[in-house]
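*Asks:* The file below is upload36.txt, compact mmCIF, C-alpha atoms and all ligand atoms:
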```
# COMPACT_ATOMS: atom_id res chain seq x y z
CA MET M 1 -0.63 -25.67 -20.39
CA ASN M 2 0.72 -28.29 -17.98
CA HIS M 3 4.00 -29.97 -18.91
CA PHE M 4 3.67 -32.68 -16.24
CA GLU M 5 0.76 -34.61 -17.72
CA PRO M 6 0.56 -38.40 -17.59
CA SER M 7 1.23 -40.19 -20.84
CA GLN M 8 -0.14 -43.74 -21.01
CA GLY M 9 -0.81 -43.68 -17.28
CA VAL M 10 2.71 -42.53 -16.28
CA MET M 11 3.51 -38.96 -15.32
CA ALA M 12 5.98 -37.30 -17.66
CA CYS M 13 7.86 -34.02 -17.80
CA GLU M 14 7.27 -32.74 -21.35
CA SER M 15 7.98 -35.94 -23.36
CA VAL M 16 10.19 -37.71 -20.81
CA PRO M 17 8.53 -40.18 -18.42
CA LEU M 18 9.55 -39.37 -14.83
CA PRO M 19 10.57 -43.01 -14.13
CA THR M 20 13.22 -42.73 -16.87
CA ILE M 21 14.95 -39.93 -14.93
CA ALA M 22 14.32 -41.53 -11.52
CA GLU M 23 15.93 -44.79 -12.64
CA ALA M 24 18.95 -43.12 -14.23
CA VAL M 25 19.66 -40.53 -11.51
CA GLY M 26 18.10 -42.19 -8.48
CA THR M 27 15.68 -40.53 -6.08
CA PRO M 28 14.96 -38.03 -4.69
CA VAL M 29 15.51 -35.82 -7.73
CA TYR M 30 14.15 -32.46 -8.88
CA VAL M 31 12.94 -32.37 -12.48
CA TYR M 32 12.36 -29.07 -14.32
CA SER M 33 10.47 -28.34 -17.51
CA SER M 34 12.24 -25.84 -19.79
CA ALA M 35 9.00 -25.19 -21.68
CA THR M 36 7.24 -24.13 -18.45
CA LEU M 37 10.07 -21.81 -17.42
CA GLU M 38 10.05 -20.19 -20.84
CA ARG M 39 6.28 -19.89 -20.98
CA HIS M 40 6.01 -18.29 -17.55
CA TYR M 41 8.63 -15.69 -18.40
CA GLU M 42 6.96 -14.96 -21.73
CA VAL M 43 3.40 -14.67 -20.38
CA LEU M 44 4.59 -12.22 -17.72
CA ARG M 45 6.64 -10.16 -20.19
CA ASP M 46 3.81 -10.13 -22.74
CA ALA M 47 1.17 -9.18 -20.15
CA LEU M 48 3.28 -6.30 -18.80
CA MET M 49 4.02 -5.01 -22.29
CA ALA M 50 0.40 -5.42 -23.45
CA ALA M 51 -0.74 -3.40 -20.43
CA GLY M 52 1.43 -0.53 -21.64
CA LEU M 53 4.28 -0.84 -19.14
CA GLY M 54 6.98 -0.46 -21.80
CA ARG M 55 9.85 -2.94 -21.94
CA PRO M 56 10.32 -3.66 -18.24
CA LEU M 57 13.42 -5.16 -16.70
CA ILE M 58 12.26 -8.59 -15.54
CA ALA M 59 14.88 -9.80 -13.08
CA PHE M 60 14.28 -13.43 -12.08
CA ALA M 61 14.68 -13.82 -8.28
CA VAL M 62 17.57 -16.27 -8.30
CA LYS M 63 16.89 -17.27 -4.69
CA ALA M 64 13.78 -19.13 -5.87
CA ASN M 65 15.82 -21.47 -8.04
CA SER M 66 19.51 -20.80 -8.38
CA ASN M 67 20.58 -23.57 -10.73
CA VAL M 68 22.67 -22.03 -13.53
CA ALA M 69 20.79 -24.03 -16.18
CA VAL M 70 17.50 -22.55 -14.96
CA ILE M 71 18.88 -19.00 -14.96
CA LYS M 72 20.40 -19.60 -18.41
CA THR M 73 17.10 -20.88 -19.83
CA LEU M 74 15.56 -17.55 -18.81
CA ALA M 75 18.57 -15.37 -19.68
CA ARG M 76 18.43 -16.61 -23.27
CA LEU M 77 14.99 -14.99 -23.50
CA GLY M 78 16.29 -11.67 -22.20
CA CYS M 79 15.43 -12.19 -18.54
CA GLY M 80 17.65 -10.52 -15.94
CA ALA M 81 18.43 -11.58 -12.37
CA ASP M 82 17.49 -10.32 -8.92
CA VAL M 83 20.25 -11.48 -6.58
CA VAL M 84 20.92 -11.29 -2.85
CA SER M 85 24.56 -12.35 -2.50
CA GLU M 86 27.90 -12.39 -4.28
CA GLY M 87 27.28 -16.08 -4.93
CA GLU M 88 24.05 -15.27 -6.75
CA ILE M 89 25.77 -12.52 -8.78
CA ARG M 90 28.35 -15.11 -9.80
CA ARG M 91 25.61 -17.57 -10.73
CA ALA M 92 23.79 -14.94 -12.83
CA LEU M 93 27.02 -14.02 -14.65
CA ALA M 94 27.84 -17.71 -15.21
CA ALA M 95 24.39 -18.11 -16.76
CA GLY M 96 25.07 -15.26 -19.18
CA VAL M 97 22.95 -12.53 -17.57
CA PRO M 98 24.48 -9.17 -18.56
CA PRO M 99 25.42 -7.01 -15.53
CA GLU M 100 23.04 -4.29 -16.66
CA ARG M 101 20.17 -6.73 -16.07
CA ILE M 102 21.22 -7.64 -12.52
CA VAL M 103 19.49 -6.09 -9.48
CA PHE M 104 21.25 -6.58 -6.12
CA SER M 105 18.75 -6.80 -3.21
CA GLY M 106 19.11 -7.85 0.44
CA VAL M 107 19.24 -6.27 3.89
CA GLY M 108 22.82 -7.13 4.80
CA LYS M 109 25.25 -6.82 1.93
CA THR M 110 28.85 -7.06 3.09
CA ALA M 111 31.55 -4.62 1.97
CA ARG M 112 33.08 -7.36 -0.13
CA GLU M 113 29.73 -8.06 -1.83
CA ILE M 114 29.10 -4.36 -2.50
CA ALA M 115 32.57 -4.00 -4.04
CA PHE M 116 32.00 -7.09 -6.17
CA ALA M 117 28.64 -5.73 -7.39
CA LEU M 118 30.17 -2.34 -8.22
CA LYS M 119 33.07 -3.90 -10.11
CA THR M 120 30.57 -6.09 -11.98
CA GLY M 121 28.53 -3.01 -12.91
CA VAL M 122 25.08 -4.24 -11.83
CA ALA M 123 21.98 -2.29 -12.93
CA GLU M 124 21.16 -1.16 -9.40
CA ILE M 125 21.91 -1.92 -5.79
CA ASN M 126 18.67 -1.85 -3.84
CA VAL M 127 19.71 -0.10 -0.64
CA GLU M 128 17.71 -1.14 2.40
CA SER M 129 19.02 1.14 5.19
CA GLU M 130 21.04 4.27 5.95
CA PRO M 131 24.20 2.39 7.02
CA GLU M 132 24.02 0.46 3.78
CA LEU M 133 23.75 3.70 1.78
CA GLU M 134 26.83 5.01 3.58
CA ALA M 135 28.71 1.77 2.86
CA VAL M 136 27.83 1.85 -0.84
CA ALA M 137 28.92 5.52 -1.09
CA ARG M 138 32.21 4.81 0.72
CA ILE M 139 33.07 1.74 -1.37
CA ALA M 140 32.08 3.47 -4.62
CA ALA M 141 34.40 6.36 -3.69
CA GLU M 142 37.25 3.93 -2.97
CA LEU M 143 36.68 2.24 -6.33
CA LYS M 144 36.26 5.62 -8.05
CA VAL M 145 32.90 4.65 -9.55
CA ARG M 146 29.35 6.00 -9.35
CA ALA M 147 26.99 3.42 -7.85
CA ALA M 148 23.52 3.10 -9.36
CA ILE M 149 21.20 2.64 -6.38
CA ALA M 150 17.50 2.35 -5.67
CA ILE M 151 16.05 2.86 -2.21
CA ARG M 152 13.95 -0.09 -1.03
CA VAL M 153 10.88 1.16 0.74
CA ASN M 154 8.83 -0.78 3.24
CA PRO M 155 5.29 0.26 2.34
CA ASP M 156 3.78 -1.07 5.60
CA VAL M 157 1.15 -3.33 4.05
CA GLU M 158 0.24 -6.86 5.05
CA ALA M 159 0.77 -9.39 2.27
CA GLY M 160 2.17 -12.82 1.61
CA GLY M 161 0.85 -16.31 2.18
CA HIS M 162 2.64 -16.88 5.51
CA ALA M 163 4.15 -14.66 8.21
CA LYS M 164 7.61 -16.00 7.33
CA ILE M 165 7.34 -14.81 3.71
CA SER M 166 5.67 -11.47 4.41
CA THR M 167 8.18 -8.63 4.13
CA GLY M 168 6.23 -5.40 3.77
CA LYS M 169 5.11 -4.56 7.31
CA ALA M 170 6.76 -1.65 9.12
CA ASP M 171 8.19 -3.99 11.79
CA SER M 172 9.92 -6.31 9.31
CA LYS M 173 13.65 -5.98 8.65
CA PHE M 174 13.22 -5.03 4.99
CA GLY M 175 13.59 -1.54 3.56
CA VAL M 176 13.04 1.94 5.01
CA SER M 177 9.92 4.02 5.70
CA PHE M 178 8.63 6.54 3.15
CA SER M 179 10.00 9.51 5.06
CA GLU M 180 13.42 7.83 5.39
CA ALA M 181 13.32 6.96 1.69
CA ALA M 182 12.82 10.59 0.70
CA ARG M 183 15.64 11.73 3.01
CA LEU M 184 18.08 9.03 1.80
CA TYR M 185 17.21 9.64 -1.84
CA ALA M 186 17.92 13.35 -1.46
CA ALA M 187 21.23 12.57 0.29
CA ALA M 188 22.19 10.16 -2.50
CA ALA M 189 21.38 12.74 -5.16
CA VAL M 190 24.06 15.12 -3.81
CA ASN M 191 26.72 12.45 -3.40
CA ALA M 192 29.16 12.33 -6.32
CA HIS M 193 29.56 8.57 -5.93
CA LEU M 194 25.87 7.69 -5.90
CA ASP M 195 23.42 7.70 -8.79
CA PRO M 196 19.92 7.26 -7.37
CA VAL M 197 18.02 5.67 -10.25
CA GLY M 198 14.77 4.92 -8.48
CA VAL M 199 12.81 3.30 -5.70
CA ALA M 200 11.89 -0.32 -5.04
CA TYR M 201 9.51 -2.42 -2.98
CA HIS M 202 8.83 -6.10 -2.37
CA ILE M 203 6.06 -6.81 0.10
CA GLY M 204 6.06 -10.59 0.34
CA SER M 205 5.73 -13.85 -1.49
CA GLN M 206 2.84 -16.09 -2.56
CA ILE M 207 0.48 -13.11 -2.72
CA VAL M 208 -2.94 -14.16 -4.01
CA ASP M 209 -4.81 -10.91 -3.39
CA LEU M 210 -4.00 -7.85 -5.49
CA GLY M 211 -5.43 -5.51 -2.82
CA PRO M 212 -2.25 -5.11 -0.73
CA MET M 213 -0.14 -4.83 -3.88
CA GLU M 214 -2.39 -2.09 -5.20
CA ALA M 215 -2.17 -0.25 -1.88
CA ALA M 216 1.64 -0.50 -2.01
CA CYS M 217 1.73 0.61 -5.66
CA ARG M 218 -0.33 3.70 -4.88
CA LYS M 219 2.07 4.61 -2.08
CA MET M 220 5.04 4.06 -4.41
CA ARG M 221 3.53 6.31 -7.04
CA GLY M 222 3.04 8.97 -4.38
CA LEU M 223 6.71 8.68 -3.44
CA VAL M 224 7.90 9.04 -7.03
CA GLU M 225 5.72 12.17 -7.42
CA GLN M 226 6.97 13.59 -4.14
CA LEU M 227 10.62 13.04 -5.07
CA ARG M 228 10.10 14.65 -8.45
CA ALA M 229 8.30 17.58 -6.86
CA GLU M 230 11.45 18.05 -4.76
CA GLY M 231 13.46 18.23 -7.99
CA LEU M 232 14.93 14.72 -7.71
CA PRO M 233 14.95 12.64 -10.89
CA VAL M 234 13.43 9.13 -10.65
CA ARG M 235 14.01 6.89 -13.67
CA ARG M 236 13.08 3.42 -12.41
CA LEU M 237 10.35 1.92 -10.25
CA ASP M 238 11.12 -1.63 -9.07
CA LEU M 239 7.91 -3.42 -8.07
CA GLY M 240 9.56 -6.57 -6.69
CA GLY M 241 8.13 -10.06 -6.98
CA GLY M 242 5.58 -11.86 -4.88
CA LEU M 243 2.87 -12.95 -7.29
CA GLY M 244 1.37 -16.19 -5.99
CA VAL M 245 1.01 -19.47 -7.83
CA PRO M 246 -1.64 -22.18 -7.49
CA TYR M 247 -0.64 -24.75 -4.82
CA PHE M 248 -4.02 -26.54 -5.14
CA ASP M 249 -5.17 -25.90 -1.56
CA GLN M 250 -5.08 -22.10 -1.70
CA PRO M 251 -7.19 -19.45 -3.37
CA ASP M 252 -6.19 -19.10 -7.00
CA PRO M 253 -3.70 -16.30 -7.63
CA PRO M 254 -4.92 -13.42 -9.78
CA GLY M 255 -2.91 -14.25 -12.91
CA VAL M 256 -0.56 -12.02 -14.83
CA GLU M 257 -3.11 -10.03 -16.86
CA PRO M 258 -5.04 -8.60 -13.87
CA TYR M 259 -1.68 -8.00 -12.13
CA ALA M 260 -0.35 -6.05 -15.12
CA ALA M 261 -3.66 -4.21 -15.56
CA MET M 262 -3.67 -3.12 -11.90
CA ILE M 263 -0.14 -1.73 -12.19
CA ALA M 264 -0.93 0.03 -15.46
CA ARG M 265 -4.04 1.59 -13.92
CA VAL M 266 -2.25 2.82 -10.78
CA MET M 267 0.83 4.03 -12.67
CA GLN M 268 -0.97 5.63 -15.60
CA GLY M 269 0.90 8.65 -16.90
CA LEU M 270 3.88 8.15 -14.58
CA ASP M 271 6.88 8.28 -16.86
CA VAL M 272 9.17 5.59 -15.38
CA GLU M 273 10.94 2.45 -16.48
CA PHE M 274 9.54 -0.55 -14.58
CA ALA M 275 11.49 -3.42 -13.03
CA PHE M 276 10.07 -6.66 -11.59
CA GLU M 277 11.66 -9.42 -9.50
CA PRO M 278 9.47 -12.50 -9.99
CA GLY M 279 10.69 -15.80 -8.56
CA ARG M 280 8.01 -18.29 -7.63
CA MET M 281 5.70 -17.24 -10.47
CA ILE M 282 8.35 -18.24 -13.03
CA CYS M 283 9.69 -21.48 -11.59
CA ALA M 284 7.37 -23.04 -8.98
CA ASN M 285 5.19 -24.93 -11.42
CA ALA M 286 8.17 -25.68 -13.66
CA GLY M 287 9.51 -28.27 -11.22
CA VAL M 288 8.58 -31.42 -9.34
CA LEU M 289 10.42 -33.39 -6.70
CA VAL M 290 10.33 -37.10 -7.50
CA ALA M 291 10.70 -39.46 -4.54
CA ARG M 292 10.39 -43.19 -3.98
CA VAL M 293 8.34 -44.93 -1.31
CA ILE M 294 10.75 -46.75 1.05
CA HIS M 295 7.90 -48.53 2.79
CA VAL M 296 4.43 -48.06 4.19
CA HIS M 297 4.31 -48.28 7.95
CA ARG M 298 0.75 -49.32 8.74
CA ARG M 299 0.08 -48.82 12.44
CA PRO M 300 -2.49 -51.24 13.79
CA GLU M 301 -4.05 -48.23 15.60
CA GLY M 302 -4.88 -46.77 12.23
CA ARG M 303 -2.22 -44.39 10.86
CA ASN M 304 -0.49 -45.12 7.56
CA PHE M 305 2.95 -43.56 7.32
CA LEU M 306 4.13 -43.29 3.75
CA VAL M 307 7.90 -43.19 4.30
CA LEU M 308 9.67 -41.61 1.33
CA ASP M 309 13.34 -41.30 0.42
CA ALA M 310 12.85 -37.51 0.19
CA ALA M 311 12.98 -35.54 3.41
CA MET M 312 12.78 -32.04 4.86
CA ASN M 313 16.41 -31.43 3.84
CA ASP M 314 15.36 -31.85 0.18
CA LEU M 315 12.12 -29.84 0.38
CA ILE M 316 11.84 -27.75 3.52
CA ARG M 317 8.76 -25.67 2.68
CA PRO M 318 6.23 -27.87 4.53
CA ALA M 319 8.38 -27.92 7.70
CA MET M 320 9.30 -24.24 7.49
CA TYR M 321 6.10 -22.59 6.29
CA ASP M 322 3.46 -25.32 6.72
CA ALA M 323 3.39 -25.23 2.93
CA PHE M 324 1.07 -27.47 0.97
CA HIS M 325 2.34 -29.46 -2.01
CA ASP M 326 0.08 -31.56 -4.16
CA ILE M 327 1.51 -35.10 -4.11
CA ARG M 328 0.77 -37.44 -7.00
CA ALA M 329 1.53 -41.07 -7.74
CA VAL M 330 3.76 -41.13 -10.82
CA LYS M 331 2.04 -44.34 -11.98
CA PRO M 332 -1.19 -44.57 -9.99
CA ARG M 333 -2.30 -48.08 -9.04
CA PRO M 334 -5.98 -48.90 -9.34
CA GLY M 335 -7.89 -49.08 -6.08
CA GLU M 336 -9.55 -46.98 -3.42
CA PRO M 337 -7.60 -43.92 -2.22
CA VAL M 338 -5.88 -44.28 1.16
CA LEU M 339 -5.23 -41.72 3.93
CA TYR M 340 -1.50 -41.28 4.45
CA ASP M 341 0.83 -39.27 6.63
CA VAL M 342 3.66 -38.57 4.19
CA VAL M 343 7.03 -38.42 5.94
CA GLY M 344 10.76 -38.51 5.24
CA PRO M 345 13.56 -40.43 6.99
CA VAL M 346 15.10 -37.46 8.85
CA CYS M 347 15.11 -37.67 12.64
CA GLU M 348 12.78 -34.72 13.28
CA SER M 349 9.04 -34.87 13.73
CA GLY M 350 9.00 -31.76 11.50
CA ASP M 351 10.04 -34.09 8.69
CA THR M 352 6.39 -34.58 7.85
CA PHE M 353 5.28 -33.36 4.44
CA THR M 354 1.59 -33.73 5.19
CA ARG M 355 -0.86 -35.61 7.40
CA ASP M 356 -4.11 -37.30 6.46
CA ARG M 357 -3.62 -36.92 2.71
CA LEU M 358 -5.85 -39.01 0.47
CA LEU M 359 -3.67 -40.61 -2.24
CA PRO M 360 -3.98 -43.57 -4.59
CA PRO M 361 -2.79 -46.79 -2.91
CA LEU M 362 1.01 -46.87 -2.81
CA GLU M 363 3.55 -49.61 -2.14
CA ALA M 364 7.29 -49.76 -1.47
CA GLY M 365 9.20 -48.86 -4.63
CA ASP M 366 6.46 -46.64 -6.11
CA LEU M 367 7.33 -43.13 -7.24
CA VAL M 368 5.53 -39.98 -6.13
CA ALA M 369 5.90 -36.42 -7.38
CA PHE M 370 5.64 -33.30 -5.23
CA MET M 371 4.10 -30.74 -7.54
CA THR M 372 4.91 -27.01 -7.65
CA ALA M 373 8.35 -27.73 -6.21
CA GLY M 374 10.47 -25.70 -8.65
CA ALA M 375 10.65 -22.63 -6.37
CA TYR M 376 12.34 -22.58 -2.96
CA GLY M 377 12.89 -26.36 -3.29
CA ALA M 378 16.39 -27.35 -4.41
CA ALA M 379 17.59 -23.83 -3.64
CA MET M 380 16.84 -24.38 0.07
CA ALA M 381 18.04 -27.98 0.24
CA SER M 382 20.79 -29.07 2.64
CA GLU M 383 22.81 -32.14 3.58
CA TYR M 384 21.18 -32.46 7.01
CA ASN M 385 21.53 -36.01 8.40
CA THR M 386 24.46 -36.36 5.93
CA ARG M 387 22.04 -36.95 3.10
CA PRO M 388 23.66 -36.10 -0.25
CA LEU M 389 22.42 -32.82 -1.72
CA VAL M 390 19.41 -33.59 -3.90
CA PRO M 391 20.26 -33.65 -7.63
CA GLU M 392 18.45 -31.69 -10.34
CA ALA M 393 17.54 -32.62 -13.92
CA MET M 394 16.12 -30.51 -16.73
CA VAL M 395 13.91 -31.60 -19.61
CA LYS M 396 13.51 -29.98 -23.01
CA GLY M 397 11.00 -31.80 -25.20
CA GLY M 398 12.22 -35.38 -25.44
CA GLU M 399 15.73 -34.60 -24.15
CA TRP M 400 16.89 -34.37 -20.57
CA ALA M 401 20.10 -33.64 -18.70
CA VAL M 402 21.39 -33.77 -15.14
CA ILE M 403 22.02 -30.13 -14.25
CA ARG M 404 23.39 -30.83 -10.77
CA PRO M 405 24.51 -34.36 -9.96
CA ARG M 406 24.07 -35.97 -6.58
CA PRO M 407 27.40 -35.73 -4.73
CA SER M 408 28.96 -39.01 -3.65
CA TYR M 409 29.64 -39.73 0.02
CA GLU M 410 33.33 -39.45 -0.87
CA ASP M 411 32.73 -35.91 -2.25
CA MET M 412 30.89 -34.96 0.90
CA LEU M 413 33.56 -36.27 3.25
CA ALA M 414 36.39 -34.87 1.14
CA ALA M 415 35.00 -31.35 1.71
CA GLU M 416 35.91 -31.61 5.40
CA ARG M 417 39.33 -31.49 7.10
CA PRO M 418 40.34 -32.93 10.46
CA ALA M 419 41.69 -30.26 12.84
CA SER M 420 45.47 -30.49 13.31
CA TRP M 421 45.10 -31.82 16.88
CA LEU M 422 42.86 -34.73 15.87
N1 LIG T 1 12.56 -9.78 -4.61
C1 LIG T 1 12.93 -9.81 -3.32
C2 LIG T 1 13.66 -8.64 -2.76
C3 LIG T 1 12.62 -10.92 -2.52
O1 LIG T 1 12.98 -10.94 -1.23
C4 LIG T 1 11.92 -12.01 -3.09
C5 LIG T 1 11.54 -13.19 -2.29
O2 LIG T 1 11.60 -13.26 -1.13
C6 LIG T 1 11.58 -11.95 -4.44
C7 LIG T 1 11.91 -10.83 -5.18
C8 LIG T 1 10.87 -13.06 -5.13
O3 LIG T 1 9.61 -13.30 -4.60
P1 LIG T 1 8.63 -14.34 -5.30
O4 LIG T 1 9.38 -15.60 -5.45
O5 LIG T 1 7.50 -14.46 -4.38
O6 LIG T 1 8.25 -13.75 -6.62
```
Could I get this structure in the form of structure tokens?

*Replies:*
Amino acid sequence: MNHFEPSQGVMACESVPLPTIAEAVGTPVYVYSSATLERHYEVLRDALMAAGLGRPLIAFAVKANSNVAVIKTLARLGCGADVVSEGEIRRALAAGVPPERIVFSGVGKTAREIAFALKTGVAEINVESEPELEAVARIAAELKVRAAIAIRVNPDVEAGGHAKISTGKADSKFGVSFSEAARLYAAAAVNAHLDPVGVAYHIGSQIVDLGPMEAACRKMRGLVEQLRAEGLPVRRLDLGGGLGVPYFDQPDPPGVEPYAAMIARVMQGLDVEFAFEPGRMICANAGVLVARVIHVHRRPEGRNFLVLDAAMNDLIRPAMYDAFHDIRAVKPRPGEPVLYDVVGPVCESGDTFTRDRLLPPLEAGDLVAFMTAGAYGAAMASEYNTRPLVPEAMVKGGEWAVIRPRPSYEDMLAAERPASWL
């Protein structure tokens, strides 16, 4: 079910017309549908449970959308959080995620962050290297606690929609090899301050082919069996995130049922507790970025530049990953579609959302919506070109609320201090 359908010719989020929010908050603005967030979490949970995978720990990858209201919407359903910084741990806690449902991932956790995670009592720290294992053991000893850890393995498979979001090849910075994993796990098992609870992998994002995931799952199963054969207990298997979503130009992702069925088939009979770290799958299609047309620059030579008030600092995916976003007129005008280059006002040629896109005719003042913008959208936004950080709004049925206001220019300038000699 799509919660961004037009109603009487105007695109709405659930029951709220997008122009209502755009007029009240201004543009650009991200708008999220609570119903979509909830449904995506529930379909994943139900599919995993129906496939016989027990009651898995589903830890929403906060990096995909870190707004506290988004995390809270999911936490109220029992969803946990996969975090990669102290800031994200703090966000998860502020949203009401219990520490025992927080997984701490990331290749470069600082000593301060490790100490904070241990004091918080997170479910597991996913350790990505030997120096990190040593740091966790040392800090746990200082704090006189036993750190629950999982070893993140790099299964050396190619996956992910773009080289910049592929993480599972041997030459990427993420995780350790299988032989290293076995050695580190055994070392952790004899350390009084470490409690190795399991192993983890995450091979990339926007994965639309289950083949590489299945290959990685088989290798992970082999590792669990090998560790157990060596007498090492393994309670949890963390299968990361990465499931793709439809972006309209790409092959359709497999869907949660085949995903769950594949895991159940590969893991049959393996007595472990499963954890998952989905990000994009939960929130991408729960959000749109609404922007206004500043003007249409019609070059006599033939190009039509649709200049929006949203830019690469608000939605960086097209500039960073050549990502495709469906762009729709919020209130389409009648008439023949027109070929546009859709651009923002930032002074970079990379500030081009798309070229040669056929859209309904648009004029200055019209609203457009970037679809599938709820993941890696607002979370990656910046104030580049001293553009105020893009605000976010959330809809629930016929109600809506601003969940992060646009800062004023005064707020932005007040955050800076002149040096004493100026
Ligand atoms: N887990 C880890 C360790 C990640 O690095 C990421 C994303 O990069 C995710 C989960 C979430 O991935 P996705 O949003 O593709 O589900």

*Asks:* Taking all atoms listed in the file into account, which of M:Val224, M:Met312, M:Val245, M:Ala150 comes nearest ligand LIG 1 (chain T)?

*Replies:*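 The answer is M:Val245, which sits nearest to ligand LIG 1 (chain T).
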
*Asks:* Taking only C-alpha atoms and all ligand atoms into account, which residues are within 10 Å of ligand LIG 1 (chain T), as a PyMOL selection string?

*Replies:* chain M and resi 59-65+81-84+103-107+126+128+152+160-161+164-167+174-175+200-207+238-245+276-284+375-376

*Asks:* Find the residue from M:Ala260, M:Val346, M:Val127, M:Val395 that sits nearest to Ser382 of chain M; use only C-alpha atoms when measuring.

*Replies:*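 Ranking M:Ala260, M:Val346, M:Val127, M:Val395 by distance to Ser382 of chain M, first place goes to M:Val346.
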
*Asks:* Given the choices M:Arg328, M:Arg236, M:Arg76, M:Lys396, which gets closest to Leu289 of chain M if the distance is worked out from all atoms listed in the file?

*Replies:* M:Arg328

*Asks:* Please indicate the distance in Å from atom CA of Arg333 of chain M to atom CA of Arg303 of chain M, rounded to one decimal place.

*Replies:* 20.2 Å

*Asks:* Extract, using all atoms listed in the file, all DNA, RNA and protein residues at most 12 Å from Pro258 of chain M, discarding same-chain residues fewer than 4 positions from it, and format them as number ranges by chain.

*Replies:* M: 44, 47-48, 50-51, 208-211, 213-214, 243, 253-254, 262-265

*Asks:* Kindly give the distance, in Å, that separates atom CA of Gly335 of chain M and atom CA of Gly9 of chain M, rounded to a single decimal.

*Replies:*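 Here the two named atoms are 14.3 Å from each other.
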
*Asks:* Measuring atom to atom with only C-alpha atoms, identify which of M:Arg317, M:Arg101, M:His325, M:His3 is nearest to Val16 of chain M.

*Replies:* M:His3

*Asks:* List as a list in words the protein and nucleic acid residues near segment 306-309 of chain M, meaning an atom at most 7 Å away when only C-alpha atoms are counted, but skip any in the same chain fewer than 2 places from it.

*Replies:*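 Here the answer would be Thr27, Pro28, Ala291, Arg292, Val293, Ile294, His295, Val296, His297, Asn304, Ala311, Tyr340, Asp341, Val342, Val343, Gly344 and Pro345 of chain M.
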
*Asks:* Please compute the atom CA of Pro334 of chain M-atom CA of Gly398 of chain M distance, one decimal, in Å.

*Replies:*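 Rounded to one decimal, the two atoms are 27.8 Å apart.
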